[in-house]
file target-v2.txt (compact mmCIF, C-alpha atoms and all ligand atoms)
# COMPACT_ATOMS: atom_id res chain seq x y z
CA MET W 1309 0.00 0.00 0.00
CA CYS W 1310 2.92 2.34 0.52
CA LEU W 1311 3.97 1.95 -3.08
CA GLY W 1312 5.58 4.98 -4.69
CA ILE W 1313 6.63 5.23 -8.32
CA PRO W 1314 8.91 7.75 -10.03
CA ALA W 1315 7.05 10.18 -12.29
CA LYS W 1316 8.33 13.04 -14.43
CA ILE W 1317 6.46 16.36 -14.31
CA VAL W 1318 5.32 17.29 -17.81
CA ARG W 1319 2.81 20.10 -17.27
CA ILE W 1320 1.65 22.09 -14.25
CA ASN W 1321 -1.74 23.63 -13.61
CA GLU W 1322 -1.87 25.15 -10.11
CA THR W 1323 -2.16 22.24 -7.66
CA MET W 1324 -2.38 19.60 -10.38
CA ALA W 1325 0.26 18.31 -12.77
CA GLU W 1326 0.46 16.00 -15.72
CA VAL W 1327 3.18 13.40 -15.28
CA ASP W 1328 4.83 10.61 -17.21
CA ALA W 1329 5.01 7.59 -14.93
CA GLY W 1330 7.01 4.90 -16.73
CA GLY W 1331 5.47 5.83 -20.07
CA VAL W 1332 1.93 6.29 -18.77
CA LYS W 1333 0.45 9.80 -18.67
CA ARG W 1334 -1.35 10.69 -15.46
CA LYS W 1335 -2.89 13.70 -13.70
CA ILE W 1336 -1.67 14.03 -10.14
CA ASN W 1337 -1.92 16.43 -7.22
CA ILE W 1338 1.27 18.30 -6.31
CA GLN W 1339 -0.02 20.27 -3.33
CA LEU W 1340 2.13 18.38 -0.81
CA LEU W 1341 5.33 19.72 -2.42
CA LYS W 1342 6.70 23.23 -2.62
CA ASP W 1343 7.73 24.79 -5.95
CA VAL W 1344 7.45 21.81 -8.27
CA ARG W 1345 9.07 22.40 -11.67
CA ILE W 1346 8.57 20.88 -15.10
CA GLY W 1347 11.14 18.18 -15.85
CA GLU W 1348 11.57 17.21 -12.19
CA TYR W 1349 10.99 13.68 -10.97
CA VAL W 1350 8.62 13.11 -8.08
CA LEU W 1351 7.47 10.06 -6.16
CA LEU W 1352 3.83 9.29 -6.95
CA HIS W 1353 1.56 7.67 -4.37
CA ALA W 1354 -2.26 7.36 -4.50
CA GLY W 1355 -2.62 10.27 -6.91
CA PHE W 1356 -0.28 12.62 -5.03
CA ALA W 1357 3.36 13.64 -5.41
CA ILE W 1358 4.71 12.91 -1.92
CA GLN W 1359 8.37 13.85 -2.40
CA ARG W 1360 10.77 14.95 -5.12
CA ILE W 1361 13.49 12.58 -6.28
CA ASP W 1362 16.94 14.04 -5.95
CA GLU W 1363 19.02 13.05 -8.98
CA LYS W 1364 22.28 14.16 -7.41
CA GLU W 1365 21.67 11.95 -4.38
CA ALA W 1366 20.73 9.05 -6.64
CA ARG W 1367 24.09 9.36 -8.41
CA GLU W 1368 25.90 9.61 -5.06
CA THR W 1369 24.26 6.39 -3.88
CA LEU W 1370 25.30 4.59 -7.06
CA LYS W 1371 28.83 5.91 -6.65
CA LEU W 1372 28.90 4.76 -3.06
CA LEU W 1373 27.76 1.31 -4.15
CA GLU W 1374 30.65 1.11 -6.61
CA GLU W 1375 33.02 2.19 -3.88
CA ILE W 1376 31.78 -0.35 -1.34
CA ASN W 1377 32.48 -3.01 -3.91
CA GLU W 1378 35.94 -1.79 -4.79
CA VAL W 1379 37.54 -0.70 -1.54
CA CYS W 1380 36.10 -2.67 1.32
CA ARG W 1381 37.45 -6.13 1.92
CA MET E 323 18.20 8.46 -15.08
CA LYS E 324 14.93 6.55 -14.53
CA PHE E 325 15.54 5.79 -10.84
CA VAL E 326 14.61 2.12 -11.28
CA ASP E 327 16.89 0.11 -13.58
CA GLU E 328 20.04 1.75 -12.21
CA PHE E 329 19.27 0.16 -8.87
CA ARG E 330 18.76 -3.31 -10.32
CA ASP E 331 22.24 -3.92 -11.80
CA PRO E 332 22.88 -7.67 -11.23
CA GLY E 333 26.68 -7.27 -11.41
CA LEU E 334 26.69 -4.72 -8.60
CA ALA E 335 24.25 -6.83 -6.59
CA LYS E 336 26.51 -9.85 -6.78
CA LYS E 337 29.51 -7.92 -5.53
CA LEU E 338 27.44 -6.39 -2.76
CA LEU E 339 26.36 -9.86 -1.67
CA ASN E 340 30.02 -10.80 -1.27
CA ARG E 341 30.54 -7.78 0.96
CA ILE E 342 27.50 -8.86 2.97
CA LYS E 343 29.00 -12.34 3.37
CA ASP E 344 32.25 -10.81 4.63
CA LEU E 345 30.36 -8.85 7.26
CA THR E 346 27.99 -11.59 8.44
CA PRO E 347 28.55 -12.33 12.14
CA ASP E 348 29.19 -15.88 13.44
CA ARG E 349 25.83 -15.95 15.21
CA GLY E 350 22.46 -15.90 13.47
CA ILE E 351 20.75 -12.51 13.44
CA ASN E 352 17.24 -11.27 12.74
CA LEU E 353 16.65 -8.14 10.71
CA MET E 354 13.09 -6.89 10.34
CA GLU E 355 11.73 -5.22 7.24
CA VAL E 356 8.84 -3.22 8.64
CA CYS E 357 7.13 -2.35 5.38
CA GLY E 358 5.05 -4.73 3.26
CA THR E 359 6.41 -3.16 0.08
CA HIS E 360 9.87 -4.29 1.24
CA THR E 361 8.57 -7.81 1.91
CA VAL E 362 7.30 -7.99 -1.66
CA ALA E 363 10.55 -6.57 -3.10
CA ILE E 364 12.64 -9.04 -1.08
CA PHE E 365 10.67 -12.02 -2.38
CA LYS E 366 10.26 -10.72 -5.91
CA HIS E 367 14.00 -10.28 -6.36
CA GLY E 368 14.85 -13.47 -4.49
CA ILE E 369 16.93 -11.61 -1.90
CA LYS E 370 16.06 -14.00 0.93
CA GLU E 371 17.59 -16.96 -0.87
CA LEU E 372 20.72 -15.04 -1.83
CA LEU E 373 21.59 -13.94 1.70
CA PRO E 374 23.86 -15.97 3.98
CA GLU E 375 21.78 -18.34 6.13
CA ARG E 376 22.75 -16.55 9.29
CA VAL E 377 21.06 -13.35 8.12
CA ASN E 378 17.39 -13.90 8.73
CA LEU E 379 14.76 -11.48 7.42
CA LEU E 380 11.52 -11.12 9.38
CA SER E 381 8.46 -9.28 8.13
CA GLY E 382 6.91 -6.68 10.43
CA PRO E 383 3.61 -4.88 10.91
CA GLY E 384 3.96 -2.66 7.86
CA CYS E 385 0.85 -3.49 5.87
CA PRO E 386 -2.04 -1.12 6.64
CA VAL E 387 -4.62 -3.66 5.53
CA CYS E 388 -3.24 -6.33 7.86
CA VAL E 389 -3.03 -4.19 10.98
CA THR E 390 -6.57 -2.79 10.73
CA PRO E 391 -8.52 -4.40 13.58
CA MET E 392 -11.54 -6.56 12.86
CA GLU E 393 -13.70 -4.06 14.76
CA THR E 394 -12.80 -1.30 12.27
CA ILE E 395 -13.60 -3.57 9.34
CA ASP E 396 -16.95 -4.47 10.88
CA ARG E 397 -17.65 -0.76 11.31
CA ALA E 398 -16.82 -0.13 7.65
CA ILE E 399 -19.15 -2.92 6.56
CA ALA E 400 -21.96 -1.63 8.78
CA LEU E 401 -21.55 1.90 7.38
CA ALA E 402 -21.53 0.58 3.82
CA GLY E 403 -24.87 -1.11 4.49
CA LEU E 404 -26.68 2.07 5.59
CA PRO E 405 -29.26 3.51 3.13
CA GLY E 406 -28.14 6.39 0.90
CA ILE E 407 -24.44 5.65 1.32
CA ILE E 408 -21.70 5.25 -1.24
CA PHE E 409 -18.77 3.59 0.55
CA THR E 410 -15.37 4.13 -1.04
CA THR E 411 -12.09 2.39 -0.32
CA PHE E 412 -8.68 1.46 -1.66
CA GLY E 413 -9.05 -1.90 -3.40
CA ASP E 414 -6.96 -3.88 -0.91
CA MET E 415 -9.62 -3.65 1.78
CA MET E 416 -12.41 -5.29 -0.25
CA LYS E 417 -11.67 -8.91 0.60
CA VAL E 418 -10.65 -8.57 4.25
CA PRO E 419 -13.02 -10.75 6.27
CA GLY E 420 -14.94 -9.00 9.02
CA SER E 421 -16.70 -10.93 11.77
CA SER E 422 -19.33 -12.20 9.37
CA PHE E 423 -18.40 -11.01 5.88
CA SER E 424 -16.22 -8.66 3.80
CA LEU E 425 -16.87 -5.40 1.97
CA GLU E 426 -16.83 -7.39 -1.26
CA GLU E 427 -19.65 -9.58 0.03
CA ALA E 428 -21.50 -6.50 1.26
CA LYS E 429 -21.29 -5.16 -2.28
CA ALA E 430 -22.59 -8.45 -3.71
CA GLN E 431 -25.54 -8.10 -1.33
CA GLY E 432 -26.37 -4.68 -2.76
CA ALA E 433 -24.29 -2.13 -0.83
CA ASP E 434 -22.79 0.59 -3.03
CA VAL E 435 -19.09 -0.03 -2.42
CA ARG E 436 -16.61 1.51 -4.85
CA ILE E 437 -12.85 1.13 -5.23
CA VAL E 438 -10.86 4.31 -5.73
CA TYR E 439 -7.24 4.85 -6.66
CA SER E 440 -6.94 8.22 -4.94
CA SER E 441 -8.87 10.01 -2.19
CA LEU E 442 -9.38 12.85 -4.67
CA ASP E 443 -11.59 10.54 -6.73
CA VAL E 444 -13.92 10.39 -3.74
CA LEU E 445 -14.52 14.15 -3.91
CA GLU E 446 -15.55 13.77 -7.54
CA ILE E 447 -17.99 11.02 -6.55
CA ALA E 448 -19.36 13.31 -3.82
CA LYS E 449 -19.86 16.19 -6.25
CA GLY E 450 -21.51 13.91 -8.79
CA ASN E 451 -23.92 12.41 -6.22
CA PRO E 452 -25.18 15.35 -4.14
CA LYS E 453 -28.13 13.36 -2.73
CA LYS E 454 -25.89 10.58 -1.39
CA LYS E 455 -23.48 10.49 1.51
CA ILE E 456 -20.01 9.38 0.53
CA ILE E 457 -17.79 7.67 3.11
CA PHE E 458 -14.10 7.01 2.52
CA PHE E 459 -12.25 4.29 4.43
CA GLY E 460 -9.13 6.14 5.60
CA ILE E 461 -6.45 3.51 5.97
CA GLY E 462 -2.72 3.86 5.48
CA PHE E 463 0.48 4.97 7.16
CA GLU E 464 2.28 8.31 6.98
CA THR E 465 2.84 7.75 3.25
CA THR E 466 -0.89 8.00 2.62
CA SER E 467 -2.39 10.10 5.41
CA PRO E 468 -1.10 13.51 4.15
CA SER E 469 -2.96 12.94 0.88
CA ILE E 470 -6.13 12.24 2.85
CA ALA E 471 -5.54 15.41 4.90
CA CYS E 472 -5.12 17.36 1.68
CA THR E 473 -8.42 15.92 0.41
CA LEU E 474 -10.23 16.95 3.60
CA LEU E 475 -8.84 20.48 3.38
CA LYS E 476 -10.11 20.65 -0.17
CA ALA E 477 -13.53 19.34 0.86
CA LYS E 478 -13.72 21.98 3.58
CA LYS E 479 -12.64 24.77 1.26
CA GLU E 480 -15.12 23.74 -1.43
CA ARG E 481 -17.84 23.20 1.19
CA ILE E 482 -18.50 19.65 0.14
CA LYS E 483 -20.95 18.51 2.78
CA ASN E 484 -21.64 14.93 1.74
CA PHE E 485 -18.10 13.60 2.16
CA PHE E 486 -17.08 11.70 5.32
CA LEU E 487 -14.00 9.88 6.51
CA LEU E 488 -13.78 6.70 8.55
CA PRO E 489 -10.32 7.32 10.00
CA ALA E 490 -8.12 4.27 10.61
CA HIS E 491 -4.68 5.74 9.94
CA LYS E 492 -1.66 4.42 11.82
CA LEU E 493 1.81 5.73 12.58
CA ILE E 494 4.83 3.48 12.09
CA PRO E 495 7.47 4.49 14.70
CA PRO E 496 5.23 3.68 17.73
CA ALA E 497 4.61 0.20 16.27
CA MET E 498 8.38 -0.31 15.94
CA LYS E 499 8.68 0.65 19.59
CA ALA E 500 6.03 -1.93 20.52
CA ILE E 501 8.00 -4.59 18.61
CA LEU E 502 11.21 -3.61 20.41
CA LYS E 503 9.48 -3.82 23.79
CA ASP E 504 8.17 -7.26 22.91
CA LYS E 505 10.72 -9.58 24.47
CA GLU E 506 9.77 -12.47 22.21
CA VAL E 507 11.39 -10.92 19.15
CA ASN E 508 15.13 -10.62 19.15
CA LEU E 509 16.01 -8.01 16.57
CA ALA E 510 19.49 -6.99 15.47
CA GLY E 511 18.28 -4.22 13.17
CA PHE E 512 15.44 -2.57 11.27
CA ILE E 513 15.13 -2.06 7.54
CA SER E 514 12.92 1.01 7.90
CA PRO E 515 10.16 1.98 5.48
CA GLY E 516 11.36 4.29 2.73
CA HIS E 517 8.09 5.82 1.66
CA VAL E 518 6.78 6.51 5.16
CA SER E 519 10.12 8.24 5.71
CA THR E 520 9.76 10.53 2.67
CA ILE E 521 7.12 12.22 4.84
CA ILE E 522 8.44 11.88 8.41
CA GLY E 523 12.19 11.93 7.71
CA SER E 524 14.74 10.07 9.83
CA ARG E 525 14.36 11.82 13.19
CA PRO E 526 11.29 9.97 14.52
CA TYR E 527 13.41 6.77 14.46
CA GLU E 528 16.21 8.15 16.66
CA PHE E 529 14.82 6.49 19.80
CA ILE E 530 15.42 3.08 18.20
CA SER E 531 19.20 3.40 18.37
CA LYS E 532 19.33 5.72 21.38
CA GLU E 533 16.90 3.94 23.72
CA PHE E 534 17.14 0.38 22.45
CA GLY E 535 20.61 0.28 20.89
CA THR E 536 19.14 -1.19 17.69
CA PRO E 537 20.57 -0.25 14.27
CA CYS E 538 18.15 1.30 11.81
CA VAL E 539 18.55 1.97 8.07
CA ILE E 540 15.88 3.70 5.97
CA SER E 541 15.79 1.80 2.71
CA GLY E 542 14.61 2.17 -0.87
CA PHE E 543 12.80 -0.63 -2.65
CA GLU E 544 15.00 -1.76 -5.55
CA PRO E 545 17.27 -4.80 -5.05
CA LEU E 546 20.45 -2.71 -4.70
CA ASP E 547 18.69 -0.46 -2.17
CA VAL E 548 17.72 -3.40 0.03
CA LEU E 549 21.13 -5.07 -0.27
CA GLN E 550 22.94 -1.84 0.54
CA SER E 551 20.69 -1.34 3.57
CA ILE E 552 21.51 -4.84 4.83
CA TYR E 553 25.20 -4.10 4.27
CA MET E 554 24.87 -0.85 6.25
CA LEU E 555 23.09 -2.65 9.10
CA LEU E 556 25.78 -5.35 9.25
CA LEU E 557 28.44 -2.68 9.33
CA GLN E 558 26.70 -0.96 12.26
CA ILE E 559 26.48 -4.32 14.04
CA ARG E 560 30.14 -5.07 13.46
CA GLU E 561 31.22 -1.60 14.62
CA GLU E 562 28.80 -1.81 17.57
CA ARG E 563 27.66 1.70 16.70
CA PRO E 564 23.87 1.66 16.38
CA ARG E 565 22.40 4.70 14.67
CA VAL E 566 19.78 5.82 12.16
CA GLU E 567 21.10 5.99 8.61
CA ILE E 568 19.37 6.84 5.36
CA GLN E 569 20.16 4.60 2.42
CA TYR E 570 17.24 5.96 0.35
CA ARG E 571 18.78 9.40 0.13
CA ARG E 572 17.32 10.23 -3.26
CA CYS E 573 13.86 10.45 -1.65
CA VAL E 574 14.35 10.82 2.11
CA LYS E 575 15.62 13.93 3.87
CA PRO E 576 16.29 13.96 7.63
CA GLU E 577 13.47 16.46 8.13
CA GLY E 578 11.06 14.66 5.75
CA ASN E 579 8.41 16.55 3.80
CA ILE E 580 7.51 19.47 6.05
CA LYS E 581 4.65 20.77 3.92
CA ALA E 582 3.00 17.35 4.01
CA GLN E 583 3.48 17.16 7.79
CA GLU E 584 1.86 20.58 8.18
CA GLU E 585 -1.20 19.58 6.17
CA LEU E 586 -1.38 16.28 8.02
CA TYR E 587 -1.43 17.86 11.48
CA GLU E 588 -3.76 20.67 10.44
CA VAL E 589 -6.42 17.99 9.96
CA PHE E 590 -5.41 15.16 12.29
CA GLU E 591 -4.03 14.78 15.80
CA VAL E 592 -2.17 11.87 17.34
CA SER E 593 -4.15 9.37 19.41
CA ASP E 594 -3.80 5.89 20.88
CA SER E 595 -4.88 3.28 18.39
CA PRO E 596 -5.65 -0.45 18.22
CA TRP E 597 -3.54 -2.65 15.93
CA ARG E 598 -4.38 -6.16 14.91
CA GLY E 599 -2.03 -8.51 16.72
CA LEU E 600 -0.35 -5.74 18.70
CA GLY E 601 -3.24 -4.37 20.75
CA ILE E 602 -3.60 -0.69 21.63
CA ILE E 603 -0.34 1.17 21.00
CA PRO E 604 0.05 4.61 22.61
CA ASN E 605 0.19 7.55 20.16
CA SER E 606 0.10 5.26 17.13
CA GLY E 607 -2.98 6.52 15.33
CA LEU E 608 -4.58 9.67 13.93
CA ARG E 609 -7.97 11.13 14.75
CA LEU E 610 -9.65 14.12 13.17
CA ARG E 611 -9.25 17.44 14.95
CA LYS E 612 -12.37 19.11 16.38
CA GLU E 613 -12.59 21.53 13.46
CA PHE E 614 -13.04 18.55 11.15
CA SER E 615 -15.46 16.53 13.29
CA SER E 616 -18.31 17.18 10.85
CA PHE E 617 -16.39 14.95 8.40
CA ASP E 618 -15.95 12.14 10.92
CA ALA E 619 -18.08 9.16 9.86
CA GLU E 620 -17.69 7.60 13.27
CA ARG E 621 -19.37 10.60 14.94
CA VAL E 622 -21.91 11.43 12.25
CA PHE E 623 -23.35 7.95 11.78
CA ASP E 624 -24.40 6.32 15.00
CA ILE E 625 -23.93 2.60 14.55
CA GLN E 626 -23.53 -0.20 17.02
CA ILE E 627 -21.34 -3.12 16.10
CA GLU E 628 -20.43 -6.31 17.81
CA SER E 629 -17.26 -7.93 16.63
CA GLY E 630 -16.63 -11.63 16.86
CA PRO E 631 -13.33 -13.29 17.72
CA GLU E 632 -10.36 -13.51 15.33
CA PRO E 633 -10.66 -16.42 12.86
CA GLU E 634 -9.77 -19.68 14.55
CA GLY E 635 -6.27 -20.93 13.86
CA CYS E 636 -5.12 -17.72 12.13
CA LEU E 637 -1.66 -16.60 13.26
CA CYS E 638 -1.80 -13.11 11.72
CA GLY E 639 -1.25 -11.48 15.12
CA GLU E 640 1.99 -13.35 15.69
CA ILE E 641 3.09 -12.94 12.10
CA LEU E 642 2.68 -9.16 12.35
CA ARG E 643 4.93 -9.17 15.41
CA GLY E 644 7.59 -11.19 13.62
CA ILE E 645 7.46 -14.16 16.01
CA ARG E 646 5.89 -16.67 13.57
CA ILE E 647 6.07 -17.14 9.82
CA PRO E 648 3.17 -18.13 7.54
CA VAL E 649 4.36 -21.72 6.97
CA GLU E 650 3.87 -22.31 10.68
CA CYS E 651 0.13 -21.64 10.31
CA SER E 652 -1.85 -24.86 9.89
CA LEU E 653 -4.29 -23.13 7.55
CA PHE E 654 -1.63 -21.69 5.21
CA VAL E 655 -2.19 -22.92 1.61
CA LYS E 656 -4.47 -25.72 2.89
CA LYS E 657 -7.45 -23.61 3.92
CA CYS E 658 -6.19 -20.08 3.49
CA THR E 659 -5.30 -18.79 0.00
CA PRO E 660 -5.52 -15.39 -1.70
CA GLU E 661 -8.79 -16.54 -3.35
CA ASN E 662 -10.25 -17.62 -0.01
CA PRO E 663 -8.35 -15.70 2.65
CA VAL E 664 -8.97 -16.49 6.31
CA GLY E 665 -6.94 -13.64 7.77
CA PRO E 666 -5.90 -10.18 6.53
CA CYS E 667 -2.25 -11.16 5.97
CA MET E 668 -3.45 -13.34 3.09
CA VAL E 669 -5.68 -10.63 1.58
CA SER E 670 -3.44 -7.69 0.97
CA SER E 671 -1.04 -8.05 -1.94
CA GLU E 672 1.61 -6.86 0.52
CA GLY E 673 0.53 -9.09 3.37
CA THR E 674 3.20 -11.48 4.61
CA CYS E 675 1.06 -14.59 4.05
CA ALA E 676 0.07 -13.53 0.52
CA THR E 677 3.71 -12.85 -0.34
CA TYR E 678 4.86 -16.21 1.04
CA TYR E 679 2.02 -17.85 -0.88
CA LYS E 680 2.99 -16.22 -4.17
CA TYR E 681 6.63 -17.20 -3.91
CA HIS E 682 6.36 -20.45 -2.00
CA GLY E 683 8.48 -23.39 -2.95
CA ARG E 684 11.54 -21.23 -3.29
CA LYS E 685 14.66 -21.80 -1.27
CA GLY E 686 14.83 -19.83 1.94
CA TYR E 687 11.11 -19.44 2.12
CA GLU E 688 10.61 -21.89 4.95
CA ARG E 689 12.67 -19.79 7.32
CA GLY E 690 11.74 -16.37 8.65
S1 LIG Q 1401 -2.13 -18.25 6.41
FE1 LIG Q 1401 -4.15 -17.33 6.58
S2 LIG Q 1401 -4.97 -18.08 8.50
FE2 LIG Q 1401 -2.74 -18.43 8.56
S3 LIG Q 1401 -1.90 -16.61 9.52
FE3 LIG Q 1401 -1.89 -16.22 7.34
S4 LIG Q 1401 -3.82 -15.14 6.93
FE4 LIG Q 1401 -4.02 -16.11 8.97

call {"tool": "encode", "arguments": {"input": "target-v2.txt", "output": "structure tokens"}}
result
Amino acid sequence: MCLGIPAKIVRINETMAEVDAGGVKRKINIQLLKDVRIGEYVLLHAGFAIQRIDEKEARETLKLLEEINEVCR
Amino acid sequence: MKFVDEFRDPGLAKKLLNRIKDLTPDRGINLMEVCGTHTVAIFKHGIKELLPERVNLLSGPGCPVCVTPMETIDRAIALAGLPGIIFTTFGDMMKVPGSSFSLEEAKAQGADVRIVYSSLDVLEIAKGNPKKKIIFFGIGFETTSPSIACTLLKAKKERIKNFFLLPAHKLIPPAMKAILKDKEVNLAGFISPGHVSTIIGSRPYEFISKEFGTPCVISGFEPLDVLQSIYMLLLQIREERPRVEIQYRRCVKPEGNIKAQEELYEVFEVSDSPWRGLGIIPNSGLRLRKEFSSFDAERVFDIQIESGPEPEGCLCGEILRGIRIPVECSLFVKKCTPENPVGPCMVSSEGTCATYYKYHGRKGYERG
């Protein structure tokens, strides 16, 4: 029930936005987030954007994963 | 970046598993994944069978459908049966057996029960049916409750008078505390729910390491996320330095989503709440604030219900506390299946019994 899927903001109309969620277009509510921008990724849950997805942090995590695998022994 | 495939790289996963093996202690340890979405991810990607035998994964009370008490379900069914009502719910609740029947059976007997994907859909139903009273079954953890709060604020602003909420929302950290206080479960660490944490952040978990000395890692849901979280927990165990860490940093900030928290607590306030299998847990639920009492289905509709006992033989209560696993239930597969569920853990697609059922026969499935 706590499923959240990544969705890309395509269009914004006040508290609603059109998103692309894995190729599927959807209308979602973005009222729970401040200053949502077109092109951003958000986490979609039950028709609402509940948090933005931070691309920089995602890259950091992947880098960290590479490092764990290389260095630590 | 799509934020999915990158975190499924099998090569990286294999290497990470080797690191996990290096860090595995000599004794067996139990880690608990609290969230049902994690349980599903762990089975779907076969993580249980890949882990060293000494690292045991237990499923916790993190499925909102499973922890909703029978009494609440009976109340929902009674409300759905009142004249002039349209009862709306997330689909997962339809098949949960109440004392005598489920919402699905109530619908078959003529009650107007409708499945919605979002609470906002309920407002549309209310606007389209001004002569009816629309009740929404408010279940879910912190991931979901802000969206319900947002819907109520909208209903208030738009003066929608025929919309009501049956509130059954629960908060996760108090349930984790109840599990830690339960001496029957011996936990070495928590894989904490990522999507609940997008809202509440990492701070509400601090007591877990500070008061109980138990490691805690907030995890994402892709295979690399879960494996990295297990690696981080093992590292904390080896270093004997329990703390709260965030693995799911792309979505979870220490402070969480403050705007969502503000909306949530504008509408709701914290209250004690009953959990299936765990009893009443202090400060673990949400009730509507006074200003919103006209939306409260429990106050507006005066109904009396009498709930029967839990289904005989069902171990859901123990399963939710992590002290039993589904294969230990004598009804599992034999009498209890997703088509004919006896208890709620078999109903929800994220229930522990339903997940074990779907993936049964695999290696590692017979242990916790
Ligand atoms: S298998 Fe069915 S009866 Fe047994 S604990 Fe799970 S839900 Fe309850």

call {"tool": "axis_aligned_box", "arguments": {"input": "target-v2.txt", "around": "ligand LIG 1401 (chain Q)", "padding_each_side": "3 Å", "output": "lines of an AutoDock Vina configuration file"}}
result
center_x = -3.4
center_y = -16.8
center_z = 8.0
size_x = 9.1
size_y = 9.3
size_z = 9.1

call {"tool": "residues_near_ligand", "arguments": {"input": "target-v2.txt", "ligand": "ligand LIG 1401 (chain Q)", "cutoff": "10 Å", "atoms": "all atoms listed in the file", "output": "VMD selection string"}}
result
chain E and resid 388 418 632 to 642 646 to 660 662 to 670 673 to 676 678 to 679

call {"tool": "residues_around", "arguments": {"input": "target-v2.txt", "residues": "Leu1352 in chain W", "least_positions_apart": "6", "cutoff": "12 Å", "atoms": "all atoms listed in the file", "output": "number ranges by chain"}}
result
W: 1310-1317, 1325-1330, 1334-1338, 1340-1341, 1358-1361; E: 439-440, 465-466, 469, 517, 520, 573

call {"tool": "residues_near_point", "arguments": {"input": "target-v2.txt", "point": "(20.6, 3.7, 15.8)", "cutoff": "6 Å", "atoms": "only C-alpha atoms", "output": "ChimeraX atom specification"}}
result
/E:530-531,536-538,564-566

call {"tool": "interface_residues", "arguments": {"input": "target-v2.txt", "of": "chain W", "to": "chain E", "cutoff": "6 Å", "atoms": "all atoms listed in the file", "output": "list of chain:residue names"}}
result
W:Leu1340, W:Ala1354, W:Gly1355, W:Ile1361, W:Asp1362, W:Glu1365, W:Ala1366, W:Asn1377

call {"tool": "atom_distance", "arguments": {"input": "target-v2.txt", "atom1": "CA of Gly406 in chain E", "atom2": "CA of Lys454 in chain E"}}
result
5.3 Å

call {"tool": "atom_distance", "arguments": {"input": "target-v2.txt", "atom1": "CA of Leu474 in chain E", "atom2": "CA of Pro489 in chain E"}}
result
11.6 Å

call {"tool": "residues_around", "arguments": {"input": "target-v2.txt", "residues": "range 555-562 of chain E", "least_positions_apart": "4", "cutoff": "8 Å", "atoms": "all atoms listed in the file", "output": "MDAnalysis selection string"}}
result
chainID E and resid 342 345:347 510:512 537:539 551

call {"tool": "atom_distance", "arguments": {"input": "target-v2.txt", "atom1": "CA of Leu502 in chain E", "atom2": "CA of Leu608 in chain E"}}
result
21.6 Å

call {"tool": "closest_residue", "arguments": {"input": "target-v2.txt", "among": "E:Ile407, E:Val589, E:Ile456, E:Leu600", "to": "Lys478 in chain E", "atoms": "only C-alpha atoms"}}
result
E:Val589

call {"tool": "residues_around", "arguments": {"input": "target-v2.txt", "residues": "Val622 in chain E", "least_positions_apart": "5", "cutoff": "12 Å", "atoms": "all atoms listed in the file", "output": "PyMOL selection string"}}
result
chain E and resi 401+455+457+483-488+614-617

call {"tool": "residues_around", "arguments": {"input": "target-v2.txt", "residues": "Ala400 in chain E", "least_positions_apart": "2", "cutoff": "10 Å", "atoms": "only C-alpha atoms", "output": "compact mmCIF listing (two decimals) with C-alpha atoms, in the frame of the given file"}}
result
# COMPACT_ATOMS: atom_id res chain seq x y z
CA THR E 394 -12.80 -1.30 12.27
CA ILE E 395 -13.60 -3.57 9.34
CA ASP E 396 -16.95 -4.47 10.88
CA ARG E 397 -17.65 -0.76 11.31
CA ALA E 398 -16.82 -0.13 7.65
CA ALA E 402 -21.53 0.58 3.82
CA GLY E 403 -24.87 -1.11 4.49
CA LEU E 404 -26.68 2.07 5.59
CA LEU E 425 -16.87 -5.40 1.97
CA ALA E 428 -21.50 -6.50 1.26
CA ALA E 433 -24.29 -2.13 -0.83
CA ILE E 625 -23.93 2.60 14.55
CA GLN E 626 -23.53 -0.20 17.02
CA ILE E 627 -21.34 -3.12 16.10

call {"tool": "closest_residue", "arguments": {"input": "target-v2.txt", "among": "W:Glu1322, W:Arg1367, W:Val1344, W:His1353", "to": "Met1309 in chain W", "atoms": "only C-alpha atoms"}}
result
W:His1353
